[in-house]
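Next comes model-v7.txt, a file with compact mmCIF, C-alpha atoms.
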```txt
# COMPACT_ATOMS: atom_id res chain seq x y z
CA MET G 1 -4.60 28.30 -6.82
CA ALA G 2 -6.91 25.32 -6.42
CA VAL G 3 -9.94 24.17 -4.45
CA ILE G 4 -8.69 21.76 -1.77
CA THR G 5 -11.09 19.61 0.24
CA LEU G 6 -9.72 18.38 3.57
CA LYS G 7 -11.27 15.27 5.11
CA ILE G 8 -10.77 14.94 8.86
CA VAL G 9 -11.76 11.73 10.63
CA VAL G 10 -12.53 11.93 14.35
CA GLY G 11 -12.68 8.26 15.27
CA ASN G 12 -13.42 8.78 18.98
CA VAL G 13 -15.79 11.73 18.63
CA ALA G 14 -17.96 10.73 21.61
CA SER G 15 -14.90 11.01 23.85
CA VAL G 16 -13.56 14.17 22.20
CA ILE G 17 -16.78 16.17 22.64
CA GLU G 18 -16.60 15.66 26.39
CA THR G 19 -13.85 18.30 26.32
CA PHE G 20 -13.92 20.06 22.94
CA THR G 21 -16.67 21.51 20.75
CA GLN G 22 -14.97 22.63 17.53
CA LEU G 23 -12.29 21.88 14.96
CA LYS G 24 -9.68 24.48 13.97
CA ILE G 25 -7.95 24.28 10.59
CA TYR G 26 -4.41 25.62 10.06
CA ARG G 27 -2.41 26.03 6.84
CA SER G 28 1.26 26.47 5.93
CA ILE G 29 2.18 27.85 2.51
CA THR G 30 5.94 27.46 3.12
CA GLY G 31 6.31 23.73 3.54
CA VAL G 32 5.73 21.08 6.17
CA ASP G 33 7.85 22.90 8.77
CA GLY G 34 6.57 26.37 7.92
CA VAL G 35 4.42 28.75 9.93
CA TYR G 36 0.81 27.50 10.27
CA THR G 37 -1.93 30.14 10.24
CA GLU G 38 -5.52 29.41 11.21
CA LEU G 39 -7.91 29.44 8.26
CA THR G 40 -11.04 29.13 10.37
CA GLY G 41 -12.46 31.72 12.73
CA PRO G 42 -15.13 32.01 15.44
CA LEU G 43 -17.90 31.69 12.83
CA THR G 44 -16.32 29.12 10.51
CA ARG G 45 -14.79 26.54 12.85
CA LEU G 46 -16.29 23.08 12.35
CA ALA G 47 -18.72 22.09 15.09
CA LEU G 48 -18.13 18.65 16.56
CA GLU G 49 -21.22 16.44 16.75
CA ALA G 50 -21.73 13.18 18.59
CA SER G 51 -23.13 11.44 15.50
CA THR G 52 -20.53 12.68 12.99
CA THR G 53 -17.14 11.07 12.41
CA LEU G 54 -16.05 12.52 9.05
CA TYR G 55 -15.65 16.30 8.69
CA GLU G 56 -14.79 18.30 5.56
CA TYR G 57 -13.25 21.73 5.10
CA VAL G 58 -12.90 23.40 1.70
CA ASP G 59 -9.99 25.77 1.08
CA LEU G 60 -10.99 27.82 -1.96
CA ALA G 61 -7.52 29.37 -2.17
CA GLY G 62 -5.56 26.19 -1.65
CA ASP G 63 -2.67 24.57 -3.46
CA PRO G 64 -1.37 20.99 -3.70
CA ASP G 65 1.92 22.19 -2.17
CA TYR G 66 0.31 23.60 0.99
CA TYR G 67 0.25 21.69 4.27
CA TYR G 68 -2.61 21.57 6.76
CA LYS G 69 -3.12 20.73 10.44
CA SER G 70 -6.23 20.52 12.61
CA SER G 71 -6.84 20.76 16.34
CA TYR G 72 -9.74 20.37 18.76
CA TYR G 73 -10.93 23.58 20.40
CA ASN G 74 -13.28 24.74 23.13
CA PRO G 75 -13.87 28.53 23.30
CA THR G 76 -14.79 28.17 26.96
CA GLY G 77 -11.52 28.51 28.77
CA PRO G 78 -10.30 28.63 26.02
CA LEU G 79 -8.90 25.12 25.58
CA GLU G 80 -7.09 23.67 22.54
CA SER G 81 -5.55 20.27 21.83
CA SER G 82 -2.17 19.60 20.27
CA PRO G 83 -2.27 19.93 16.47
CA SER G 84 -2.57 16.91 14.21
CA ASP G 85 0.22 15.67 11.99
CA PRO G 86 0.58 17.79 8.84
CA ILE G 87 -1.03 16.57 5.65
CA GLN G 88 -0.42 17.91 2.20
CA GLY G 89 -3.44 19.57 0.67
CA GLU G 90 -3.70 17.51 -2.46
CA GLY G 91 -7.47 17.41 -2.28
CA ASP G 92 -8.00 13.67 -2.41
CA ALA G 93 -7.77 11.07 0.36
CA ALA G 94 -5.99 8.70 -2.04
CA LEU G 95 -3.04 11.09 -2.15
CA ASP G 96 -2.71 10.91 1.63
CA ILE G 97 -1.91 7.20 1.22
CA VAL G 98 0.77 7.56 -1.45
CA SER G 99 1.93 11.07 -2.33
CA VAL G 100 3.57 12.05 -5.60
CA SER G 101 6.86 12.38 -3.73
CA ASP G 102 6.45 8.88 -2.24
CA LEU G 103 5.77 7.41 -5.68
CA LYS G 104 8.85 9.00 -7.25
CA THR G 105 11.17 8.17 -4.34
CA ASN G 106 10.07 4.63 -3.46
CA TYR G 107 8.85 3.13 -6.75
CA LEU G 108 10.29 5.20 -9.62
CA PHE G 109 13.76 5.85 -8.21
CA GLY G 110 16.53 6.22 -10.78
CA LEU G 111 14.28 6.82 -13.79
CA ASP G 112 14.42 9.69 -16.26
CA LEU G 113 10.92 11.09 -15.72
CA THR G 114 11.06 13.74 -18.47
CA ASN G 115 9.83 14.05 -22.04
CA ASP G 116 12.02 14.43 -25.12
CA GLU G 117 12.58 18.13 -24.34
CA GLY G 118 13.71 17.37 -20.80
CA THR G 119 10.51 18.70 -19.22
CA PRO G 120 9.46 16.74 -16.09
CA TYR G 121 6.12 14.98 -16.21
CA PRO G 122 3.41 17.04 -14.45
CA ASP G 123 2.34 16.03 -10.93
CA SER G 124 -1.22 15.66 -12.21
CA LEU G 125 -0.07 12.62 -14.21
CA TYR G 126 1.20 10.85 -11.09
CA GLU G 127 -1.88 11.90 -9.07
CA SER G 128 -4.16 10.35 -11.67
CA PHE G 129 -2.38 7.00 -11.51
CA ILE G 130 -2.34 7.01 -7.67
CA LYS G 131 -6.10 7.63 -7.52
CA SER G 132 -6.67 4.91 -10.10
CA ALA G 133 -4.51 2.45 -8.12
CA VAL G 134 -6.46 3.09 -4.90
CA SER G 135 -9.77 2.62 -6.70
CA TRP G 136 -8.48 -0.56 -8.37
CA LEU G 137 -7.42 -2.10 -5.06
CA GLU G 138 -10.71 -1.13 -3.36
CA HIS G 139 -12.63 -2.95 -6.11
CA ARG G 140 -10.17 -5.84 -6.24
CA LEU G 141 -10.43 -6.53 -2.49
CA ASP G 142 -14.01 -5.27 -2.08
CA LEU G 143 -12.58 -3.16 0.73
CA PRO G 144 -12.95 0.57 1.54
CA ILE G 145 -9.49 2.09 1.86
CA THR G 146 -10.19 5.83 1.83
CA PRO G 147 -12.79 6.93 4.42
CA ARG G 148 -16.40 6.78 3.28
CA THR G 149 -19.62 7.56 5.15
CA ILE G 150 -22.48 5.03 5.07
CA THR G 151 -25.87 6.37 6.10
CA GLY G 152 -28.93 4.31 6.95
CA GLU G 153 -27.49 0.86 6.24
CA LYS G 154 -30.33 -1.61 6.76
CA HIS G 155 -30.17 -4.70 8.95
CA ASP G 156 -32.87 -7.23 9.76
CA TYR G 157 -34.16 -8.20 13.18
CA TYR G 158 -33.78 -11.86 14.12
CA ARG G 159 -35.01 -13.15 17.44
CA ASP G 160 -31.95 -15.43 17.77
CA ASP G 161 -29.62 -12.46 17.21
CA TYR G 162 -31.59 -10.46 19.77
CA ASN G 163 -30.58 -13.02 22.35
CA LYS G 164 -26.95 -12.41 21.29
CA TYR G 165 -27.14 -8.67 21.99
CA ILE G 166 -28.50 -7.88 18.53
CA TRP G 167 -25.52 -9.21 16.61
CA MET G 168 -25.10 -7.74 13.14
CA LYS G 169 -22.34 -7.69 10.52
CA LEU G 170 -21.84 -4.32 8.85
CA HIS G 171 -21.58 -4.39 5.07
CA GLU G 172 -18.30 -2.43 4.94
CA SER G 173 -15.17 -2.95 7.01
CA PRO G 174 -12.79 -1.97 8.48
CA VAL G 175 -14.87 0.47 10.51
CA ILE G 176 -13.47 3.77 11.74
CA ALA G 177 -16.44 4.64 13.94
CA VAL G 178 -20.18 4.05 14.29
CA ASP G 179 -22.14 7.31 14.45
CA GLU G 180 -25.65 6.03 15.22
CA VAL G 181 -27.72 2.84 15.49
CA ARG G 182 -31.49 3.15 15.52
CA MET G 183 -34.51 0.87 15.39
CA VAL G 184 -37.45 1.69 13.12
CA LEU G 185 -40.97 0.51 12.55
CA PRO G 186 -42.37 -0.13 9.07
CA GLY G 187 -42.90 3.29 7.54
CA GLU G 188 -39.53 4.54 8.82
CA GLN G 189 -40.85 5.61 12.23
CA ILE G 190 -37.91 5.71 14.65
CA VAL G 191 -38.72 3.94 17.90
CA GLN G 192 -35.27 3.81 19.50
CA VAL G 193 -31.90 5.52 19.06
CA PHE G 194 -29.36 3.48 20.97
CA GLU G 195 -26.90 5.11 23.32
CA PRO G 196 -23.38 5.42 21.83
CA GLU G 197 -21.97 3.66 24.91
CA TRP G 198 -24.02 0.57 24.05
CA VAL G 199 -22.49 0.22 20.59
CA HIS G 200 -19.60 -2.25 20.52
CA VAL G 201 -17.91 -2.82 17.17
CA GLN G 202 -14.92 -4.87 16.10
CA GLN G 203 -13.34 -2.40 13.72
CA GLU G 204 -11.45 -4.79 11.46
CA SER G 205 -14.31 -7.26 10.94
CA GLY G 206 -17.27 -4.86 11.18
CA GLN G 207 -19.09 -7.02 13.75
CA LEU G 208 -21.47 -4.88 15.84
CA GLN G 209 -23.39 -5.67 19.00
CA LEU G 210 -25.54 -3.59 21.34
CA VAL G 211 -24.61 -4.12 24.98
CA PRO G 212 -26.74 -2.01 27.35
CA GLY G 213 -25.14 -0.04 30.12
CA ALA G 214 -26.26 0.00 33.70
CA GLY G 215 -29.69 1.36 34.61
CA SER G 216 -33.34 0.78 33.89
CA ALA G 217 -33.09 1.60 30.18
CA GLY G 218 -30.71 -1.32 29.67
CA SER G 219 -32.92 -3.80 31.48
CA ILE G 220 -35.99 -2.63 29.56
CA LEU G 221 -34.25 -2.91 26.20
CA LEU G 222 -32.68 -6.33 26.53
CA GLY G 223 -34.28 -7.78 29.65
CA ALA G 224 -35.31 -11.42 29.83
CA ALA G 225 -39.01 -10.60 30.30
CA GLY G 226 -41.13 -7.80 28.90
CA ALA G 227 -38.24 -6.58 26.75
CA TYR G 228 -38.82 -3.56 24.54
CA ILE G 229 -38.19 -5.13 21.14
CA PRO G 230 -40.54 -8.11 21.63
CA ILE G 231 -43.23 -5.68 22.83
CA VAL G 232 -42.89 -3.65 19.63
CA TYR G 233 -42.71 -6.59 17.27
CA GLY G 234 -44.78 -9.12 19.16
CA SER G 235 -43.96 -12.77 18.50
CA ASN G 236 -42.20 -12.16 15.17
CA ARG G 237 -38.92 -13.99 14.82
CA PHE G 238 -37.86 -11.93 11.79
CA ILE G 239 -38.48 -8.30 10.81
CA PRO G 240 -36.79 -6.97 7.65
CA ASP G 241 -34.84 -3.69 7.83
CA ALA G 242 -35.62 -3.10 11.50
CA PHE G 243 -32.27 -1.41 12.20
CA ARG G 244 -30.43 1.50 10.55
CA VAL G 245 -26.71 2.12 11.05
CA ASP G 246 -24.70 5.25 10.21
CA TYR G 247 -20.94 4.74 10.25
CA THR G 248 -17.62 5.59 8.62
CA ALA G 249 -15.62 2.81 6.98
CA GLY G 250 -12.08 2.66 5.63
CA PHE G 251 -8.74 3.58 7.15
CA GLU G 252 -7.94 6.79 8.98
CA SER G 253 -5.32 9.03 7.42
CA GLY G 254 -1.87 7.77 8.35
CA LYS G 255 -3.16 4.35 9.47
CA VAL G 256 -3.33 2.49 6.16
CA PRO G 257 -1.41 -0.81 6.60
CA PRO G 258 2.05 -0.73 4.99
CA LEU G 259 1.29 -3.78 2.82
CA ILE G 260 -1.71 -2.02 1.26
CA VAL G 261 0.36 1.15 0.75
CA ASP G 262 3.03 -0.91 -1.01
CA VAL G 263 0.54 -2.51 -3.41
CA ILE G 264 -0.94 0.89 -4.26
CA GLY G 265 2.50 2.39 -4.87
CA LYS G 266 3.55 -0.44 -7.19
CA LYS G 267 0.26 -0.42 -9.08
CA ALA G 268 0.39 3.38 -9.48
CA SER G 269 3.91 3.17 -10.89
CA PHE G 270 2.77 1.16 -13.92
CA GLY G 271 1.45 4.24 -15.75
CA PRO G 272 4.59 6.40 -15.41
CA LEU G 273 6.79 3.36 -16.15
CA ASN G 274 4.90 2.65 -19.38
CA ILE G 275 5.08 6.28 -20.47
CA ALA G 276 8.76 6.65 -19.59
CA GLY G 277 9.55 3.36 -21.34
CA ASP G 278 7.79 4.42 -24.52
CA LEU G 279 9.81 7.65 -24.59
CA LEU G 280 13.14 5.98 -23.88
CA GLY G 281 15.34 6.97 -26.82
CA GLY G 282 12.42 8.83 -28.36
CA ALA G 283 8.72 8.11 -28.64
CA GLY G 284 8.15 4.67 -30.15
CA ILE G 285 11.83 4.11 -31.03
CA ALA G 286 13.14 0.60 -30.39
CA SER G 287 16.55 1.04 -31.98
CA GLN G 288 18.60 3.78 -33.60
CA ALA G 289 21.83 3.93 -35.63
CA ILE G 290 24.10 6.83 -36.63
CA SER G 291 26.75 6.58 -39.39
CA ILE G 292 29.26 9.33 -40.31
CA ASP G 293 32.24 8.83 -42.66
CA GLY G 294 32.50 5.12 -42.04
CA LEU G 295 31.99 5.38 -38.30
CA SER G 296 28.73 4.04 -36.90
CA GLN G 297 27.02 3.86 -33.54
CA SER G 298 23.78 2.12 -32.64
CA PHE G 299 21.69 1.39 -29.57
CA ASN G 300 18.64 -0.74 -28.84
CA THR G 301 15.95 -0.38 -26.20
CA THR G 302 13.43 -2.95 -25.01
CA SER G 303 10.63 -0.89 -26.55
CA SER G 304 8.52 -2.84 -29.04
CA ALA G 305 4.90 -3.65 -29.75
CA THR G 306 4.86 -5.87 -26.63
CA ASN G 307 7.57 -4.38 -24.41
CA SER G 308 8.34 -1.00 -22.89
CA GLY G 309 11.71 0.36 -21.85
CA TYR G 310 11.02 -0.43 -18.18
CA GLY G 311 9.19 -3.68 -18.77
CA SER G 312 11.38 -5.65 -16.37
CA ARG G 313 10.44 -3.42 -13.43
CA ILE G 314 6.76 -3.63 -14.37
CA LEU G 315 6.98 -7.43 -14.48
CA GLN G 316 8.72 -7.52 -11.09
CA TYR G 317 6.10 -5.28 -9.47
CA SER G 318 3.33 -7.36 -11.10
CA ARG G 319 4.73 -10.57 -9.61
CA GLU G 320 5.03 -9.01 -6.18
CA ILE G 321 1.44 -7.68 -6.29
CA LYS G 322 0.17 -11.10 -7.43
CA GLU G 323 1.87 -12.77 -4.46
CA VAL G 324 0.44 -10.32 -1.90
CA LEU G 325 -3.20 -10.07 -3.08
CA PRO G 326 -4.31 -13.54 -1.87
CA MET G 327 -2.85 -12.78 1.56
CA LEU G 328 -4.76 -9.49 1.79
CA GLU G 329 -7.98 -11.17 0.64
CA ARG G 330 -7.69 -13.87 3.31
CA TYR G 331 -6.90 -11.36 6.03
CA TYR G 332 -9.68 -8.86 5.30
CA LYS G 333 -12.37 -11.06 3.78
CA GLY G 334 -11.61 -14.55 5.05
CA ILE G 335 -12.32 -17.73 3.13
CA ARG G 336 -15.45 -17.45 1.00
CA LEU G 337 -17.50 -20.61 0.46
CA ALA G 338 -19.96 -21.10 -2.35
CA ILE G 339 -22.98 -23.32 -1.60
CA VAL G 340 -24.38 -25.03 -4.68
```

Here is the file; what I need is its structure written in the form of structure tokens.
Amino acid sequence: MAVITLKIVVGNVASVIETFTQLKIYRSITGVDGVYTELTGPLTRLALEASTTLYEYVDLAGDPDYYYKSSYYNPTGPLESSPSDPIQGEGDAALDIVSVSDLKTNYLFGLDLTNDEGTPYPDSLYESFIKSAVSWLEHRLDLPITPRTITGEKHDYYRDDYNKYIWMKLHESPVIAVDEVRMVLPGEQIVQVFEPEWVHVQQESGQLQLVPGAGSAGSILLGAAGAYIPIVYGSNRFIPDAFRVDYTAGFESGKVPPLIVDVIGKKASFGPLNIAGDLLGGAGIASQAISIDGLSQSFNTTSSATNSGYGSRILQYSREIKEVLPMLERYYKGIRLAIV
């Protein structure tokens, strides 16, 4: 029994809440195709909110082998959506990207993943290396991969950007959804919360603009004369930290690009490969010979102070990762110029 935290991303929450008001959580304890029973009830279903994209549910009696589904629900009717794809309750978003089974099948295929007594390595060992690989790639690319919530990110007001529909570049991308954009006065006094329909964001790049809808509010906010922001800030061309943005960045579960998944899987395999290589033929043994009555037999492994038994596969994966990283950096971060 383990405490499992499920993270559910509702990327189009503003559209969903037009029909549904709650999230139901289901669990199967007999595999991915088993019978799913609702864990939540009338008092514990997760309430959907217009300003919230990332929802969490904690299963105190969970297990890494259990599978979970979610659905949208409206008790009036009642009305329920089709269930989501099943996810394994491994308690960490990194393990939704590459599971222990994926790692063994796709990157460690054909290896003897047991100790000297023939006992298989514990799943916790593989999980640790998967989580470490995801964290490594996030830091290496400066890119959120697992979903993360950013609250109150500060952006300055520039008069020139105001004329471009308040253009701003969010600090983290890709963006799953923007929950709220608001304008504040010095002292954190909120003077405007912008309508969700006005928020236009390019998800991959994180570029955000506020484009008013039809009606008087839109013309007041961004009109050519007597506009709301110039009235508040007078003739200032620059106001620091005038805007706050709440949003969720990263990739939704099941939508991580295959190239990123591949890099994570190869990087995560290094730990098990090193351990398995060290134990090949016995811990720390590079060669061994047996002699009985004039007959002898010997074998050598690639284990040494600088090599492990599966060093060739590690080197191959390392070369492939090295070739892909510059491509990912250019795609997600573009060309960075240093001005001296």

Would you kindly identify which residues have an atom no farther than 10 Å from (-14.2, -3.4, 16.6), using all atoms listed in the file and the file's own coordinates, and write them out as number ranges by chain?
G: 173-178, 199-209

Taking all atoms listed in the file into account, which of G:Lys7, G:Lys69, G:Lys131, G:Lys267 comes nearest G:Ile25?
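With all atoms listed in the file as the atom set, the closest residue is G:Lys69.
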
Who sits within 9 Å of G:Pro147, all atoms listed in the file, same chain under 6 positions skipped, as a list in words:
Lys7, Val9, Leu54, Ala93, Ile176, Thr248, Ala249, Gly250, Phe251, Glu252 and Ser253 of chain G

Per residue of stretch 63-178 of chain G within 10 Å of stretch 323-336 of chain G, note the shortest atom pair and the distance in Å to one decimal, counting all atoms listed in the file, and order the rows by chain and increasing residue number, as JSON lines.
```
{"residue": "G:Leu137", "atom": "CA", "partner": "G:Leu325", "partner_atom": "CA", "distance": 9.2}
{"residue": "G:Arg140", "atom": "CA", "partner": "G:Leu325", "partner_atom": "CA", "distance": 8.7}
{"residue": "G:Leu141", "atom": "CA", "partner": "G:Glu329", "partner_atom": "CA", "distance": 6.1}
{"residue": "G:Asp142", "atom": "CA", "partner": "G:Lys333", "partner_atom": "CA", "distance": 8.4}
{"residue": "G:Leu143", "atom": "CA", "partner": "G:Tyr332", "partner_atom": "CA", "distance": 7.9}
{"residue": "G:Ser173", "atom": "CA", "partner": "G:Tyr332", "partner_atom": "CA", "distance": 8.2}
{"residue": "G:Pro174", "atom": "CA", "partner": "G:Tyr332", "partner_atom": "CA", "distance": 8.2}
```

In Å to one decimal, how far is atom CA of G:Ile97 from atom CA of G:Asp262?
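These atoms are spaced 9.8 Å apart.
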
For stretch 48-91 of chain G of the block above, can you save C-alpha atoms as a PDB file, in the first residue's frame?
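Output below, filename part24.pdb:
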```pdb
ATOM      1  CA  LEU G  48     -13.766  22.312 -11.632  1.00  0.00           C
ATOM      2  CA  GLU G  49     -12.811  25.990 -11.513  1.00  0.00           C
ATOM      3  CA  ALA G  50     -12.354  28.443 -14.346  1.00  0.00           C
ATOM      4  CA  SER G  51      -8.948  29.581 -13.065  1.00  0.00           C
ATOM      5  CA  THR G  52      -7.507  26.121 -12.308  1.00  0.00           C
ATOM      6  CA  THR G  53      -5.845  23.855 -14.858  1.00  0.00           C
ATOM      7  CA  LEU G  54      -3.957  21.343 -12.685  1.00  0.00           C
ATOM      8  CA  TYR G  55      -5.920  19.150 -10.243  1.00  0.00           C
ATOM      9  CA  GLU G  56      -4.570  16.635  -7.722  1.00  0.00           C
ATOM     10  CA  TYR G  57      -6.153  13.621  -6.070  1.00  0.00           C
ATOM     11  CA  VAL G  58      -4.423  11.613  -3.328  1.00  0.00           C
ATOM     12  CA  ASP G  59      -5.149   7.885  -3.016  1.00  0.00           C
ATOM     13  CA  LEU G  60      -4.031   6.937   0.491  1.00  0.00           C
ATOM     14  CA  ALA G  61      -4.555   3.240  -0.248  1.00  0.00           C
ATOM     15  CA  GLY G  62      -2.913   3.220  -3.646  1.00  0.00           C
ATOM     16  CA  ASP G  63      -0.296   1.034  -5.266  1.00  0.00           C
ATOM     17  CA  PRO G  64       2.140   1.540  -8.162  1.00  0.00           C
ATOM     18  CA  ASP G  65       0.435  -1.365  -9.974  1.00  0.00           C
ATOM     19  CA  TYR G  66      -3.040   0.203  -9.892  1.00  0.00           C
ATOM     20  CA  TYR G  67      -4.508   2.050 -12.870  1.00  0.00           C
ATOM     21  CA  TYR G  68      -6.624   5.201 -12.762  1.00  0.00           C
ATOM     22  CA  LYS G  69      -9.087   7.026 -15.016  1.00  0.00           C
ATOM     23  CA  SER G  70     -10.906  10.340 -14.658  1.00  0.00           C
ATOM     24  CA  SER G  71     -14.062  11.777 -16.179  1.00  0.00           C
ATOM     25  CA  TYR G  72     -15.959  15.065 -16.184  1.00  0.00           C
ATOM     26  CA  TYR G  73     -19.278  15.020 -14.341  1.00  0.00           C
ATOM     27  CA  ASN G  74     -22.316  17.212 -13.800  1.00  0.00           C
ATOM     28  CA  PRO G  75     -24.769  15.995 -11.111  1.00  0.00           C
ATOM     29  CA  THR G  76     -27.540  17.952 -12.821  1.00  0.00           C
ATOM     30  CA  GLY G  77     -28.953  15.536 -15.328  1.00  0.00           C
ATOM     31  CA  PRO G  78     -26.742  13.696 -14.424  1.00  0.00           C
ATOM     32  CA  LEU G  79     -24.188  14.026 -17.221  1.00  0.00           C
ATOM     33  CA  GLU G  80     -20.766  12.334 -17.491  1.00  0.00           C
ATOM     34  CA  SER G  81     -18.053  12.427 -20.151  1.00  0.00           C
ATOM     35  CA  SER G  82     -16.168   9.463 -21.555  1.00  0.00           C
ATOM     36  CA  PRO G  83     -13.341   8.349 -19.238  1.00  0.00           C
ATOM     37  CA  SER G  84      -9.747   9.382 -19.824  1.00  0.00           C
ATOM     38  CA  ASP G  85      -7.045   6.997 -20.933  1.00  0.00           C
ATOM     39  CA  PRO G  86      -5.789   4.839 -18.047  1.00  0.00           C
ATOM     40  CA  ILE G  87      -2.625   5.884 -16.264  1.00  0.00           C
ATOM     41  CA  GLN G  88      -0.633   3.798 -13.855  1.00  0.00           C
ATOM     42  CA  GLY G  89      -0.631   5.144 -10.330  1.00  0.00           C
ATOM     43  CA  GLU G  90       3.079   5.462  -9.851  1.00  0.00           C
ATOM     44  CA  GLY G  91       2.732   8.725  -7.989  1.00  0.00           C
TER      45      GLY G  91
END
```
